[in-house]
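One structure is given below, encoded as structure tokens.
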Amino acid sequence: MKLVRLRYTRWFNILRDGISHKNPIAVAVLGICSALAVTNRVENAIAMGLGVTFVLMASSATVSLLRSFIPSKLRMVTYMVIISTYVITVQMFLAAYFPVISRALGAYVGLIITNCIVMGRAEAFAVRNNPRYSMLDGLASGLGYTLVLIVVGAVRELLAVGTLLNAQVMPDSFTTWTVMALAPGGFFIVGLFIWGIRELIHYHEAA
Amino acid sequence: MKSYTRMLTFIIILGAATSLIFVGMEFWTTPLIEANAAIELRSTILDANGEAYTTATVNEVFMAKIETVVQNDLTLYVHRASGSVSYEFSGSGVWGPIIGIITLERDLETIRHLRVLQQEETPGLGGVVADPSYLAGYFGARMVPQLDFAVPGTDRLPNQVDRITGATRTSNSFRTILNNSYLSYLEFMQEVGD
């Protein structure tokens with residue numbers, strides 16, 4: 001019985017929306033640029049996913065806390081300032097404590113600033129909900145994004161180099177698909193994935 | 001009018017708060033980032049001379065094996081055992097500075113080792129300049145009369161290396177940086193070498 005009731009609680013709906021029903025990549029088609037760029041390796045996908053999730057949660061919570069002070073004309077500017085502050089903080093933190101990861105991610109950490117998901121959630125959710133739910137919404141969208149990145153990254157890494165998280169999986173005789181390491185491979189896999197998840201949740205855009 | 005004052009106050013408070021966060025982060029992380037950079041420089045020089053070390057012992061081994069000589073703005077790192085000389089080179093690439101470490105053999109003419117530590121070239125094209133497998137092609141090349149690129153269809157001379165395909169401007173800048181830094185260090189190296 002409890003499980004049935006769970007389905008109607010607000011936090012369950014927010015989590016489900018973020019991860020599947022309103023998945024930022026598959027349904028809203030936001031943040032595609034980074035999804036194509038960093039998914040050639042699973043470890044990059046995980047690091048990028050965690051970074052985006054943290055920035056999403058932190059910026060959603062901040063926007064939500066400030067929502068009654070932000071002048072409506074300055075909404076966008078304020079979001080940008082808040083998001084950039086968190087991203088630059090993350091970047092400095094990584095450079096100080098994890099120089100190797102920071103080097104591997106290179107410019108992509110800075111590019112979280114331009115990730116539409118962060119701005120989209122701030123405008124669509126955080127600005128009219130309380131901090132608790134806004135943070136949950138950020139977590140849900142972040143997880144939805146991370147999930148897609150990891151699945152796409154796993155397929156691409158497996159086919160392009162025959163490894164998973166740098167551990168050899170495919171037999172040595174396996175011919176690697178170079179196209180999967182390049183941008184077109186990203187488009188193929190992300191496209192197939194969007195189709196799959198949309199079929200799964202019966203989401204069809206009106207013609 | 002009132003709404004404008006409110007907006008202005010909001011902008012000023014937001015700007016002040018974020019600046020404060022950045023100043024705090026800067027104070028907190030700068031020493032750590034500088035320490036990381038120093039470790040990277042030292043481990044690169046130890047790699048170049050084939051010395052073994054771990055992240056915990058890098059400073060110790062560096063002090064024991066390498067002699068640091070400073071003159072004006074120039075710093076040379078001399079390997080005590082082999083006499084090979086390392087220095088840091090820097091200069092402008094296409095989009096930003098290219099900084100790296102070059103190690104020359106005892107003759108001060110032959111490249112023993114080369115690493116790029118920092119660059120902002122186009123990823124995938126000029127970015128290849130930081131790729132160790134590309135830089136490995138420089139090992140053994142000679143800096144005299146000056147480093148240059150191999151001409152297709154002719155025999156490769158001892159001072160010639162490969163260009164980066166699709167990155168003419170990065171290749172040219174990199175060659176210029178290496179040649180200029182060599183000239184500015186040459187006199188000092190000869191002094192130390194004697």
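All residue names refer to the structure tokens as shown: chains lettered A, B, ... in order, residues numbered from 1 in each chain, ligands numbered from 1 in order.
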
*Using only C-alpha atoms, determine which residues of chain B fall within 12 Å of chain A; present them as a VMD selection string.*
chain B and resid 2 to 37 39 to 40 117 to 124 127 130

Could those residues be written to a file, using C-alpha atoms, as a PDB file, in the first residue's frame?
```pdb
ATOM      1  CA  LYS B   2      11.679  53.175  -6.883  1.00  0.00           C
ATOM      2  CA  SER B   3      11.988  49.958  -8.889  1.00  0.00           C
ATOM      3  CA  TYR B   4      15.217  51.213 -10.455  1.00  0.00           C
ATOM      4  CA  THR B   5      16.766  51.926  -7.068  1.00  0.00           C
ATOM      5  CA  ARG B   6      15.746  48.442  -5.980  1.00  0.00           C
ATOM      6  CA  MET B   7      17.332  46.873  -9.071  1.00  0.00           C
ATOM      7  CA  LEU B   8      20.524  48.835  -8.575  1.00  0.00           C
ATOM      8  CA  THR B   9      20.750  47.841  -4.915  1.00  0.00           C
ATOM      9  CA  PHE B  10      20.186  44.215  -5.877  1.00  0.00           C
ATOM     10  CA  ILE B  11      22.933  44.299  -8.511  1.00  0.00           C
ATOM     11  CA  ILE B  12      25.400  45.909  -6.114  1.00  0.00           C
ATOM     12  CA  ILE B  13      24.666  43.409  -3.336  1.00  0.00           C
ATOM     13  CA  LEU B  14      24.838  40.436  -5.736  1.00  0.00           C
ATOM     14  CA  GLY B  15      28.107  41.690  -7.226  1.00  0.00           C
ATOM     15  CA  ALA B  16      29.651  42.310  -3.816  1.00  0.00           C
ATOM     16  CA  ALA B  17      28.603  38.890  -2.509  1.00  0.00           C
ATOM     17  CA  THR B  18      29.957  36.960  -5.495  1.00  0.00           C
ATOM     18  CA  SER B  19      33.203  38.966  -5.510  1.00  0.00           C
ATOM     19  CA  LEU B  20      33.644  38.146  -1.855  1.00  0.00           C
ATOM     20  CA  ILE B  21      33.217  34.426  -2.607  1.00  0.00           C
ATOM     21  CA  PHE B  22      35.804  34.616  -5.402  1.00  0.00           C
ATOM     22  CA  VAL B  23      38.333  36.476  -3.279  1.00  0.00           C
ATOM     23  CA  GLY B  24      37.887  33.890  -0.535  1.00  0.00           C
ATOM     24  CA  MET B  25      38.300  30.976  -2.961  1.00  0.00           C
ATOM     25  CA  GLU B  26      41.353  32.621  -4.491  1.00  0.00           C
ATOM     26  CA  PHE B  27      43.041  32.961  -1.096  1.00  0.00           C
ATOM     27  CA  TRP B  28      42.188  29.387  -0.223  1.00  0.00           C
ATOM     28  CA  THR B  29      43.148  27.631  -3.475  1.00  0.00           C
ATOM     29  CA  THR B  30      46.071  29.684  -4.831  1.00  0.00           C
ATOM     30  CA  PRO B  31      48.768  28.113  -2.593  1.00  0.00           C
ATOM     31  CA  LEU B  32      47.432  24.628  -3.405  1.00  0.00           C
ATOM     32  CA  ILE B  33      47.288  25.280  -7.148  1.00  0.00           C
ATOM     33  CA  GLU B  34      50.822  26.694  -7.087  1.00  0.00           C
ATOM     34  CA  ALA B  35      52.046  23.655  -5.157  1.00  0.00           C
ATOM     35  CA  ASN B  36      50.429  21.381  -7.766  1.00  0.00           C
ATOM     36  CA  ALA B  37      52.139  23.316 -10.555  1.00  0.00           C
ATOM     37  CA  ILE B  39      55.077  19.280  -8.368  1.00  0.00           C
ATOM     38  CA  GLU B  40      54.147  18.942 -12.024  1.00  0.00           C
ATOM     39  CA  LEU B 117      52.296  21.782 -19.475  1.00  0.00           C
ATOM     40  CA  GLN B 118      49.816  24.453 -20.465  1.00  0.00           C
ATOM     41  CA  GLN B 119      48.167  25.432 -23.774  1.00  0.00           C
ATOM     42  CA  GLU B 120      44.845  26.719 -25.070  1.00  0.00           C
ATOM     43  CA  GLU B 121      45.081  25.637 -28.719  1.00  0.00           C
ATOM     44  CA  THR B 122      42.065  24.359 -30.683  1.00  0.00           C
ATOM     45  CA  PRO B 123      41.123  20.988 -29.186  1.00  0.00           C
ATOM     46  CA  GLY B 124      41.761  18.179 -31.663  1.00  0.00           C
ATOM     47  CA  GLY B 127      45.752  20.842 -29.104  1.00  0.00           C
ATOM     48  CA  ALA B 130      50.437  18.825 -25.839  1.00  0.00           C
TER      49      ALA B 130
END
```

_Spatial neighbours of range 174-179 of chain B, max dist 8 Å, only C-alpha atoms, sep filter under 6 positions, as a ChimeraX atom specification_ = /B:89-93,98,143,146-148

Output all heavy atoms for every residue in that selection, as an mmCIF file, in the first residue's frame.
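Wrote selection_25.cif, looks like this:
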```cif
data_model
loop_
_atom_site.group_PDB
_atom_site.id
_atom_site.type_symbol
_atom_site.label_atom_id
_atom_site.label_comp_id
_atom_site.auth_asym_id
_atom_site.auth_seq_id
_atom_site.Cartn_x
_atom_site.Cartn_y
_atom_site.Cartn_z
ATOM 1 N N PHE B 89 59.960 26.898 -21.141
ATOM 2 C CA PHE B 89 59.778 27.841 -22.242
ATOM 3 C C PHE B 89 58.339 28.318 -22.232
ATOM 4 O O PHE B 89 57.442 27.607 -21.782
ATOM 5 C CB PHE B 89 60.134 27.204 -23.590
ATOM 6 C CG PHE B 89 59.319 25.982 -23.922
ATOM 7 C CD1 PHE B 89 58.069 26.084 -24.501
ATOM 8 C CD2 PHE B 89 59.822 24.720 -23.631
ATOM 9 C CE1 PHE B 89 57.329 24.952 -24.805
ATOM 10 C CE2 PHE B 89 59.088 23.585 -23.925
ATOM 11 C CZ PHE B 89 57.843 23.690 -24.511
ATOM 12 N N SER B 90 58.122 29.536 -22.726
ATOM 13 C CA SER B 90 56.746 30.012 -22.840
ATOM 14 C C SER B 90 56.675 31.037 -23.956
ATOM 15 O O SER B 90 57.672 31.630 -24.348
ATOM 16 C CB SER B 90 56.292 30.633 -21.523
ATOM 17 O OG SER B 90 57.081 31.749 -21.237
ATOM 18 N N GLY B 91 55.474 31.223 -24.486
ATOM 19 C CA GLY B 91 55.276 32.172 -25.557
ATOM 20 C C GLY B 91 53.850 32.071 -26.015
ATOM 21 O O GLY B 91 53.093 31.208 -25.537
ATOM 22 N N SER B 92 53.448 32.937 -26.977
ATOM 23 C CA SER B 92 52.044 32.901 -27.356
ATOM 24 C C SER B 92 51.789 31.898 -28.460
ATOM 25 O O SER B 92 52.491 31.864 -29.462
ATOM 26 C CB SER B 92 51.540 34.280 -27.751
ATOM 27 O OG SER B 92 52.604 35.123 -28.015
ATOM 28 N N GLY B 93 50.771 31.084 -28.272
ATOM 29 C CA GLY B 93 50.275 30.198 -29.304
ATOM 30 C C GLY B 93 49.214 30.941 -30.086
ATOM 31 O O GLY B 93 49.277 32.160 -30.216
ATOM 32 N N ILE B 98 51.556 29.106 -24.591
ATOM 33 C CA ILE B 98 51.998 27.710 -24.552
ATOM 34 C C ILE B 98 53.191 27.673 -23.603
ATOM 35 O O ILE B 98 54.158 28.405 -23.789
ATOM 36 C CB ILE B 98 52.433 27.211 -25.943
ATOM 37 C CG1 ILE B 98 51.261 27.254 -26.915
ATOM 38 C CG2 ILE B 98 52.986 25.787 -25.865
ATOM 39 C CD1 ILE B 98 51.609 26.806 -28.322
ATOM 40 N N MET B 143 68.740 21.524 -31.955
ATOM 41 C CA MET B 143 68.284 22.921 -31.904
ATOM 42 C C MET B 143 69.158 23.823 -32.775
ATOM 43 O O MET B 143 68.892 25.023 -32.856
ATOM 44 C CB MET B 143 68.315 23.446 -30.462
ATOM 45 C CG MET B 143 67.354 22.765 -29.524
ATOM 46 S SD MET B 143 65.615 23.007 -29.946
ATOM 47 C CE MET B 143 65.407 24.765 -29.781
ATOM 48 N N GLN B 146 68.776 25.902 -36.332
ATOM 49 C CA GLN B 146 67.563 26.154 -35.563
ATOM 50 C C GLN B 146 66.550 25.087 -35.913
ATOM 51 O O GLN B 146 66.609 24.472 -36.975
ATOM 52 C CB GLN B 146 67.024 27.555 -35.816
ATOM 53 C CG GLN B 146 66.710 27.808 -37.270
ATOM 54 C CD GLN B 146 66.036 29.160 -37.449
ATOM 55 O OE1 GLN B 146 65.678 29.822 -36.497
ATOM 56 N NE2 GLN B 146 65.846 29.557 -38.684
ATOM 57 N N LEU B 147 65.616 24.874 -34.974
ATOM 58 C CA LEU B 147 64.609 23.841 -35.165
ATOM 59 C C LEU B 147 63.701 24.225 -36.334
ATOM 60 O O LEU B 147 63.310 25.376 -36.462
ATOM 61 C CB LEU B 147 63.782 23.718 -33.884
ATOM 62 C CG LEU B 147 62.953 22.454 -33.733
ATOM 63 C CD1 LEU B 147 63.854 21.247 -33.620
ATOM 64 C CD2 LEU B 147 62.060 22.566 -32.512
ATOM 65 N N ASP B 148 63.398 23.268 -37.206
ATOM 66 C CA ASP B 148 62.546 23.581 -38.356
ATOM 67 C C ASP B 148 61.689 22.374 -38.704
ATOM 68 O O ASP B 148 61.838 21.310 -38.113
ATOM 69 C CB ASP B 148 63.404 23.981 -39.554
ATOM 70 C CG ASP B 148 62.659 24.985 -40.432
ATOM 71 O OD1 ASP B 148 61.423 25.023 -40.357
ATOM 72 O OD2 ASP B 148 63.324 25.717 -41.181
#
```

*Which neighbours of range 102-110 of chain B fall inside 12 Å, counting only C-alpha atoms, when residues of the same chain fewer than 3 positions from it are skipped, and could you give them as JSON, numbers by chain?*
{"B": [41, 44, 45, 46, 47, 48, 49, 50, 76, 77, 78, 79, 80, 81, 82, 83, 84, 85, 86, 87, 88, 89, 90, 99, 113, 114, 115, 116, 117, 135, 136, 138, 139, 140, 141, 142, 143, 144, 145, 146, 147, 158, 159, 160, 177, 178, 179, 181, 182, 183, 185, 186, 187, 188, 189, 190, 191, 192, 193, 194]}

*Once DSSP has gone over the backbone, tell me which residues of chain B are in strand (DSSP E or B), as a ChimeraX atom specification.*
/B:66-71,74-79,85-92,97-104,110-118,142,148-149,160-161

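Residues with any atom within 12 Å of Leu192 in chain A, counting only C-alpha atoms and excluding same-chain neighbours fewer than 4 positions away, are Ala26, Val148, Val151, Val152, Val155, Gly185, Gly186, Phe187, Phe188, Gly196, Ile197, Arg198 and Glu199 of chain A.
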